[in-house]
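Trainee: Quick one, entry-v8.tsv (TSV, C-alpha atoms):
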```tsv
chain	number	residue	atom	x	y	z
A	28	MET	CA	123.98	111.97	164.60
A	29	ALA	CA	126.36	111.26	167.44
A	30	ASP	CA	124.84	111.50	170.89
A	31	LEU	CA	127.15	113.79	172.83
A	32	ARG	CA	125.07	113.86	175.99
A	33	ARG	CA	126.49	112.56	179.22
A	34	TYR	CA	124.67	109.60	180.73
A	35	TYR	CA	124.31	108.56	184.38
A	36	GLU	CA	127.28	106.18	184.10
A	37	ASP	CA	129.49	108.96	182.66
A	38	ILE	CA	128.97	111.35	185.58
A	39	ALA	CA	131.19	110.90	188.65
A	40	PRO	CA	130.72	112.37	192.14
A	41	GLY	CA	133.35	115.02	192.76
A	42	GLU	CA	133.64	116.26	189.20
A	43	GLU	CA	133.62	120.05	189.00
A	44	TYR	CA	132.78	122.62	186.37
A	45	GLU	CA	133.18	126.37	186.18
A	46	SER	CA	131.16	128.47	183.77
A	47	PRO	CA	132.13	131.61	181.89
A	48	GLY	CA	131.12	134.86	183.57
A	49	ARG	CA	128.03	136.85	182.73
A	50	THR	CA	127.48	140.52	183.51
A	51	VAL	CA	123.98	141.17	184.81
A	52	THR	CA	122.52	144.30	183.25
A	53	GLU	CA	119.60	146.61	183.89
A	54	THR	CA	118.06	145.14	180.75
A	55	ASP	CA	118.14	141.64	182.26
A	56	ILE	CA	116.25	142.90	185.32
A	57	VAL	CA	113.67	144.84	183.31
A	58	LEU	CA	113.06	141.86	181.01
A	59	PHE	CA	112.74	139.50	183.96
A	60	ALA	CA	110.25	141.84	185.66
A	61	GLY	CA	108.20	141.87	182.46
A	62	LEU	CA	108.36	138.11	182.02
A	63	SER	CA	107.68	137.16	185.63
A	64	GLY	CA	105.33	139.97	186.56
A	65	ASP	CA	107.37	140.59	189.72
A	66	TYR	CA	107.62	144.38	189.94
A	67	ASN	CA	108.81	144.58	193.55
A	68	VAL	CA	110.45	147.95	194.31
A	69	LEU	CA	113.68	146.05	195.06
A	70	HIS	CA	114.05	145.52	191.31
A	71	THR	CA	112.20	148.42	189.70
A	72	ASP	CA	112.37	151.65	191.77
A	73	ALA	CA	115.86	153.20	191.55
A	74	GLU	CA	114.95	156.19	193.73
A	75	PHE	CA	113.42	154.16	196.53
A	76	MET	CA	116.35	151.74	196.50
A	77	LYS	CA	118.82	154.61	197.10
A	78	THR	CA	117.39	154.70	200.62
A	79	SER	CA	117.60	150.92	201.14
A	80	ILE	CA	120.44	148.90	202.65
A	81	PHE	CA	121.46	147.91	199.10
A	82	GLY	CA	121.73	151.52	197.87
A	83	GLU	CA	120.45	150.61	194.41
A	84	ARG	CA	118.17	148.19	192.54
A	85	ILE	CA	119.09	144.52	192.83
A	86	ALA	CA	118.33	141.60	190.53
A	87	HIS	CA	115.42	139.29	191.36
A	88	GLY	CA	116.76	136.29	193.26
A	89	LEU	CA	115.03	134.03	190.76
A	90	LEU	CA	116.75	135.88	187.89
A	91	GLY	CA	120.07	134.83	189.41
A	92	LEU	CA	118.75	131.28	189.64
A	93	ALA	CA	117.62	131.36	186.00
A	94	ILE	CA	120.96	132.79	184.86
A	95	GLN	CA	122.93	130.07	186.64
A	96	SER	CA	120.79	127.48	184.90
A	97	GLY	CA	121.91	128.92	181.55
A	98	LEU	CA	125.53	129.11	182.76
A	99	PHE	CA	125.38	125.44	183.76
A	100	SER	CA	124.66	124.48	180.16
A	101	ARG	CA	127.78	126.44	179.11
A	102	ALA	CA	129.94	124.83	181.83
A	103	THR	CA	129.61	121.17	180.84
A	104	LYS	CA	128.26	118.98	178.08
A	105	ALA	CA	124.54	118.40	178.45
A	106	TYR	CA	123.39	115.60	180.71
A	107	ALA	CA	120.93	113.06	179.30
A	108	THR	CA	118.35	114.53	181.66
A	109	ILE	CA	114.95	112.87	181.89
A	110	ALA	CA	113.52	115.21	184.48
A	111	PHE	CA	114.41	118.06	186.79
A	112	VAL	CA	113.25	116.78	190.17
A	113	GLY	CA	113.82	119.70	192.50
A	114	LEU	CA	116.20	122.01	194.26
A	115	ARG	CA	117.13	123.54	197.61
A	116	TRP	CA	118.39	127.09	197.26
A	117	LYS	CA	119.74	129.97	199.37
A	118	PHE	CA	120.09	133.63	198.41
A	119	LYS	CA	123.22	134.80	200.22
A	120	GLY	CA	123.79	138.28	198.84
A	121	PRO	CA	122.51	140.80	196.29
A	122	ILE	CA	123.33	140.82	192.58
A	123	LYS	CA	123.59	144.44	191.49
A	124	ILE	CA	123.49	145.94	188.00
A	125	GLY	CA	126.95	145.50	186.45
A	126	ASP	CA	127.95	142.56	188.64
A	127	THR	CA	129.52	139.64	186.80
A	128	VAL	CA	128.47	136.22	188.04
A	129	ARG	CA	129.80	132.78	187.27
A	130	LEU	CA	128.79	129.31	188.33
A	131	ARG	CA	130.89	126.72	190.10
A	132	ALA	CA	129.20	123.32	190.10
A	133	ARG	CA	130.20	120.02	191.66
A	134	VAL	CA	128.53	116.63	191.43
A	135	SER	CA	127.86	115.88	195.09
A	136	ALA	CA	125.98	112.56	194.89
A	137	LYS	CA	124.51	109.96	192.60
A	138	ARG	CA	122.19	107.07	193.33
A	139	ASP	CA	120.21	104.52	191.38
A	140	ASP	CA	116.50	105.08	190.95
A	141	ASP	CA	113.73	102.54	191.46
A	142	LYS	CA	113.41	102.45	187.70
A	143	PRO	CA	116.42	100.65	186.12
A	144	ASP	CA	116.84	103.04	183.18
A	145	ARG	CA	117.76	106.13	185.22
A	146	GLY	CA	119.52	107.52	188.27
A	147	LEU	CA	119.49	110.64	190.42
A	148	ILE	CA	122.38	113.11	190.12
A	149	THR	CA	122.73	115.83	192.76
A	150	VAL	CA	124.75	118.89	191.78
A	151	GLN	CA	126.01	121.41	194.34
A	152	ARG	CA	126.00	124.85	192.74
A	153	THR	CA	127.60	128.11	193.83
A	154	LEU	CA	127.02	131.42	192.08
A	155	LEU	CA	129.95	133.80	192.65
A	156	ASN	CA	130.33	137.48	191.80
A	157	GLN	CA	133.43	139.30	190.50
A	158	ARG	CA	134.77	139.59	194.08
A	159	ASP	CA	134.41	135.82	194.57
A	160	GLU	CA	131.59	136.38	197.06
A	161	VAL	CA	128.91	133.68	197.11
A	162	VAL	CA	125.66	135.35	196.06
A	163	GLN	CA	123.56	132.18	195.72
A	164	GLU	CA	124.07	128.51	196.43
A	165	GLY	CA	122.13	125.30	196.52
A	166	GLU	CA	121.64	121.79	195.27
A	167	THR	CA	119.69	120.50	192.29
A	168	ASP	CA	118.42	116.95	191.73
A	169	LEU	CA	118.27	115.63	188.19
A	170	LEU	CA	117.03	112.29	186.90
A	171	VAL	CA	119.51	111.22	184.24
A	172	GLU	CA	119.16	108.44	181.69
A	173	LYS	CA	121.41	105.39	181.89
A	174	ARG	CA	123.49	104.46	178.87
A	175	GLY	CA	122.27	100.89	179.07
A	176	ARG	CA	118.77	101.98	178.24
A	177	ALA	CA	117.46	100.16	175.17
B	23	MET	CA	102.05	159.14	200.33
B	24	THR	CA	101.85	155.46	201.04
B	25	THR	CA	101.17	152.57	198.74
B	26	ALA	CA	99.70	149.27	199.80
B	27	VAL	CA	102.05	146.58	201.03
B	28	THR	CA	101.54	143.72	203.46
B	29	TYR	CA	103.76	144.03	206.54
B	30	PHE	CA	104.88	141.25	208.86
B	31	GLU	CA	102.22	142.25	211.39
B	32	ASP	CA	99.48	141.87	208.76
B	33	VAL	CA	100.27	138.21	208.03
B	34	LYS	CA	98.71	135.31	209.96
B	35	VAL	CA	99.75	131.68	209.85
B	36	GLY	CA	97.18	129.85	207.75
B	37	ASP	CA	96.43	132.83	205.49
B	38	SER	CA	95.97	131.46	202.01
B	39	GLU	CA	95.34	132.74	198.54
B	40	VAL	CA	94.74	131.52	195.03
B	41	THR	CA	96.17	133.44	192.08
B	42	PRO	CA	94.67	134.03	188.65
B	43	ALA	CA	95.76	131.54	186.00
B	44	MET	CA	98.18	132.00	183.13
B	45	THR	CA	98.60	130.02	179.94
B	46	LEU	CA	102.20	129.08	179.21
B	47	THR	CA	103.06	130.11	175.67
B	48	GLU	CA	105.88	129.72	173.20
B	49	ALA	CA	106.66	133.40	173.85
B	50	HIS	CA	107.24	132.71	177.56
B	51	ALA	CA	109.62	129.88	176.70
B	52	ALA	CA	111.46	131.88	174.02
B	53	LEU	CA	111.85	135.00	176.19
B	54	TYR	CA	113.05	132.89	179.10
B	55	ARG	CA	115.58	131.00	176.98
B	56	GLY	CA	116.82	134.24	175.42
B	57	LEU	CA	117.25	135.82	178.84
B	58	THR	CA	118.91	132.87	180.55
B	59	GLY	CA	120.84	131.31	177.68
B	60	GLU	CA	119.34	127.90	178.40
B	61	SER	CA	119.20	125.61	175.40
B	62	PRO	CA	115.89	124.00	174.50
B	63	ASP	CA	115.50	120.26	175.10
B	64	ALA	CA	112.22	119.55	173.34
B	65	PRO	CA	110.31	122.03	171.18
B	66	GLU	CA	107.06	121.86	173.13
B	67	SER	CA	108.66	121.89	176.55
B	68	ILE	CA	108.56	124.67	179.12
B	69	PRO	CA	111.94	125.25	180.83
B	70	ASP	CA	111.86	123.62	184.29
B	71	LEU	CA	112.47	126.79	186.29
B	72	LEU	CA	110.22	129.11	184.26
B	73	PRO	CA	106.99	128.24	186.14
B	74	LEU	CA	108.80	128.94	189.43
B	75	CYS	CA	109.77	132.37	188.10
B	76	LEU	CA	106.14	133.03	187.14
B	77	ALA	CA	104.90	131.95	190.59
B	78	THR	CA	106.08	135.11	192.33
B	79	GLY	CA	104.51	137.36	189.69
B	80	LEU	CA	101.18	135.51	189.86
B	81	GLY	CA	101.22	136.29	193.59
B	82	TRP	CA	101.09	139.98	192.67
B	83	ARG	CA	97.68	139.56	191.09
B	84	THR	CA	95.75	138.67	194.24
B	85	PRO	CA	93.73	140.98	196.51
B	86	ARG	CA	96.43	140.90	199.20
B	87	PRO	CA	98.93	143.71	198.59
B	88	PRO	CA	102.46	142.41	197.94
B	89	LEU	CA	104.57	141.47	200.95
B	90	ALA	CA	107.03	144.14	202.12
B	91	VAL	CA	109.93	141.84	201.19
B	92	LEU	CA	113.34	142.92	202.50
B	93	ALA	CA	114.98	139.79	201.14
B	94	PHE	CA	114.09	136.46	199.57
B	95	MET	CA	116.18	134.18	201.78
B	96	SER	CA	115.76	130.64	200.51
B	97	PHE	CA	113.39	128.09	199.02
B	98	ASP	CA	112.91	124.39	198.41
B	99	TRP	CA	111.12	123.38	195.23
B	100	LYS	CA	109.99	120.16	193.60
B	101	VAL	CA	108.89	119.44	190.06
B	102	TYR	CA	106.16	116.77	189.99
B	103	ARG	CA	105.12	116.83	186.36
B	104	GLU	CA	106.39	118.35	183.16
B	105	LEU	CA	104.57	121.40	181.83
B	106	ARG	CA	104.20	122.06	178.11
B	107	ILE	CA	103.32	125.01	175.93
B	108	GLY	CA	99.55	125.51	176.10
B	109	ASP	CA	99.19	124.35	179.71
B	110	THR	CA	97.49	126.81	182.05
B	111	ILE	CA	98.76	127.17	185.61
B	112	HIS	CA	97.62	129.02	188.69
B	113	GLY	CA	99.19	129.36	192.12
B	114	ARG	CA	98.05	128.44	195.59
B	115	ALA	CA	99.90	129.81	198.62
B	116	ARG	CA	99.56	129.42	202.38
B	117	VAL	CA	101.51	130.98	205.24
B	118	ALA	CA	103.09	128.05	207.08
B	119	LEU	CA	105.15	129.80	209.72
B	120	LYS	CA	106.17	133.24	210.98
B	121	ARG	CA	108.97	134.21	213.31
B	122	SER	CA	109.33	137.70	214.69
B	123	MET	CA	112.71	139.35	215.01
B	124	ARG	CA	113.62	142.80	216.30
B	125	GLU	CA	113.05	144.98	213.28
B	126	SER	CA	111.67	142.50	210.80
B	127	GLY	CA	110.29	138.99	210.61
B	128	VAL	CA	110.66	135.72	208.74
B	129	ILE	CA	107.72	134.22	206.89
B	130	ILE	CA	107.61	130.77	205.35
B	131	GLU	CA	104.99	130.20	202.64
B	132	ASP	CA	103.96	126.93	200.98
B	133	HIS	CA	103.40	127.38	197.26
B	134	GLU	CA	101.90	125.13	194.63
B	135	LEU	CA	101.45	125.54	190.90
B	136	ILE	CA	98.38	123.71	189.60
B	137	ASP	CA	97.66	122.86	185.97
B	138	GLN	CA	94.34	122.99	184.10
B	139	HIS	CA	93.53	119.41	185.20
B	140	GLY	CA	93.86	120.31	188.88
B	141	ALA	CA	97.16	118.44	189.26
B	142	VAL	CA	100.03	119.96	191.25
B	143	ALA	CA	102.84	120.43	188.71
B	144	GLN	CA	105.42	122.10	190.96
B	145	GLY	CA	105.54	123.20	194.57
B	146	GLY	CA	107.65	124.06	197.57
B	147	ARG	CA	108.42	126.50	200.37
B	148	PHE	CA	109.62	130.11	200.17
B	149	THR	CA	111.34	131.87	203.08
B	150	PHE	CA	111.15	135.69	203.10
B	151	LEU	CA	112.46	138.41	205.38
B	152	ILE	CA	109.58	140.88	205.73
B	153	ALA	CA	109.54	144.47	207.02
B	154	LYS	CA	107.57	145.34	210.12
B	155	ARG	CA	105.18	148.25	209.95
B	156	SER	CA	106.56	149.50	213.26
B	157	ALA	CA	110.14	149.59	211.95
B	158	ASP	CA	109.50	151.08	208.53
B	159	PRO	CA	111.06	154.55	208.69
B	160	ALA	CA	109.60	155.95	205.49
B	161	GLY	CA	106.21	154.35	205.99
B	162	THR	CA	107.47	152.89	202.88
B	163	SER	CA	106.30	151.79	200.38
```
Step by step, read the file and then write its structure as structure tokens.
Mentor:
Amino acid sequence: MADLRRYYEDIAPGEEYESPGRTVTETDIVLFAGLSGDYNVLHTDAEFMKTSIFGERIAHGLLGLAIQSGLFSRATKAYATIAFVGLRWKFKGPIKIGDTVRLRARVSAKRDDDKPDRGLITVQRTLLNQRDEVVQEGETDLLVEKRGRA
Amino acid sequence: MTTAVTYFEDVKVGDSEVTPAMTLTEAHAALYRGLTGESPDAPESIPDLLPLCLATGLGWRTPRPPLAVLAFMSFDWKVYRELRIGDTIHGRARVALKRSMRESGVIIEDHELIDQHGAVAQGGRFTFLIAKRSADPAGTS
């Protein structure tokens, strides 16, 4: 079977991807609360949230992060990732029920690793809503396999 | 009526807690992949960001009432070792810093997720904006 994954050598700093949009629903928030066990009133109490600065329930920040991770895999062919190393992330604004988010991603850096069969790829990621407002942004570090690997 | 929450004033730098443990199952991975649309890499693998998502919920199962979070502002996170279906993780958290503002305050917590062998699998720092008791109009929450 042909290997369609993109290797370290194939990925160039500056390349950009944009994902399809995804509408975040009440169901997404309820499922994420159930999965994560995070039942904070911000995400689960519609009446209380009417009195908050947001005016309604908002998605868990980490739900937005998880959704962008799925959107990334729909924005570009899969990397030959060996390991997810880490990320630095900022929550800039709320995601409300019915908002449609999409991911804009840009390869911001690459560097060789101590091990010769892999390198580190840093991707700058911006999650935008339907009004083009940045709701989340950050950088992820991925260890990606080199093509030369035996 | 009031329910129990932890306000900014209630938190001290150095406060720490250990959460109950949870075994990572195929159901966790399948639900997470269905919700996020992430494609599986290896059948036994746990998606990289799933343990992070479970970390906040594990924090709800400790004696300290949940923080009166106004906003989750930012975090840094590192993955040290891969987790697989069947691994059992628990969380360890410590308040690293607090900064008071007029009507609320910022708290930085160090978090670690530890596997059944005692090894730190993932960890990092969370920054939260927390309500002050003195500024909470409803006596919220």
Trainee: Could you work out which residues of chain A fall inside 7 Å of chain B? Count all atoms listed in the file, and format the result as JSON, numbers by chain.
Mentor: {"A": [55, 63, 64, 65, 88, 89, 93, 94, 96, 97, 100, 111, 112, 113, 114, 115, 116, 117, 118]}
Trainee: Go ahead and save the residues from that selection, with C-alpha atoms, as a PDB file, keeping the file's coordinate frame.
Mentor:
```pdb
ATOM      1  CA  ASP A  55     118.140 141.640 182.260  1.00  0.00           C
ATOM      2  CA  SER A  63     107.680 137.160 185.630  1.00  0.00           C
ATOM      3  CA  GLY A  64     105.330 139.970 186.560  1.00  0.00           C
ATOM      4  CA  ASP A  65     107.370 140.590 189.720  1.00  0.00           C
ATOM      5  CA  GLY A  88     116.760 136.290 193.260  1.00  0.00           C
ATOM      6  CA  LEU A  89     115.030 134.030 190.760  1.00  0.00           C
ATOM      7  CA  ALA A  93     117.620 131.360 186.000  1.00  0.00           C
ATOM      8  CA  ILE A  94     120.960 132.790 184.860  1.00  0.00           C
ATOM      9  CA  SER A  96     120.790 127.480 184.900  1.00  0.00           C
ATOM     10  CA  GLY A  97     121.910 128.920 181.550  1.00  0.00           C
ATOM     11  CA  SER A 100     124.660 124.480 180.160  1.00  0.00           C
ATOM     12  CA  PHE A 111     114.410 118.060 186.790  1.00  0.00           C
ATOM     13  CA  VAL A 112     113.250 116.780 190.170  1.00  0.00           C
ATOM     14  CA  GLY A 113     113.820 119.700 192.500  1.00  0.00           C
ATOM     15  CA  LEU A 114     116.200 122.010 194.260  1.00  0.00           C
ATOM     16  CA  ARG A 115     117.130 123.540 197.610  1.00  0.00           C
ATOM     17  CA  TRP A 116     118.390 127.090 197.260  1.00  0.00           C
ATOM     18  CA  LYS A 117     119.740 129.970 199.370  1.00  0.00           C
ATOM     19  CA  PHE A 118     120.090 133.630 198.410  1.00  0.00           C
TER      20      PHE A 118
END
```
Trainee: Pick from A:Glu36, A:Ile148, A:Ser79, A:Leu62: nearest to Ala52 in chain B, with only C-alpha atoms counted?
Mentor: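 Using only C-alpha atoms, Ala52 in chain B sits closest to A:Leu62.
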Trainee: I'd like the interatomic distance between CA of Ile152 in chain B and CA of Asp159 in chain A, to a tenth of an Å.
Mentor: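 One can read the CA of Ile152 in chain B to CA of Asp159 in chain A distance as 27.7 Å.
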Trainee: If I take CA of Pro47 in chain A and CA of Asp126 in chain A, how far is one from the other in Å, to one decimal?
Mentor: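 Going from CA of Pro47 in chain A over to CA of Asp126 in chain A, I get 13.5 Å.
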Trainee: Excluding same-chain residues fewer than 6 positions from Tyr29 in chain B, what lies within 6 Å of it counting all atoms listed in the file, as number ranges by chain?
Mentor: B: 90, 153-155
Trainee: Work out how far apart CA of Gly165 in chain A and CA of Arg129 in chain A are and give it in Å to one decimal.
Mentor: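 Those two atoms sit 14.2 Å apart.
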Trainee: Just the residues within 12 Å of Lys173 in chain A, please, counting all atoms listed in the file, with nothing from its chain fewer than 5 positions along; format it as a PyMOL selection string.
Mentor: chain A and resi 32-38+106-109+138-140+142-148
Trainee: From the list B:Pro62, B:Glu39, B:Pro85, B:Ala143, which residue is nearest Val27 in chain B when using all atoms listed in the file?
Mentor: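 The answer is B:Pro85, which sits nearest to Val27 in chain B.
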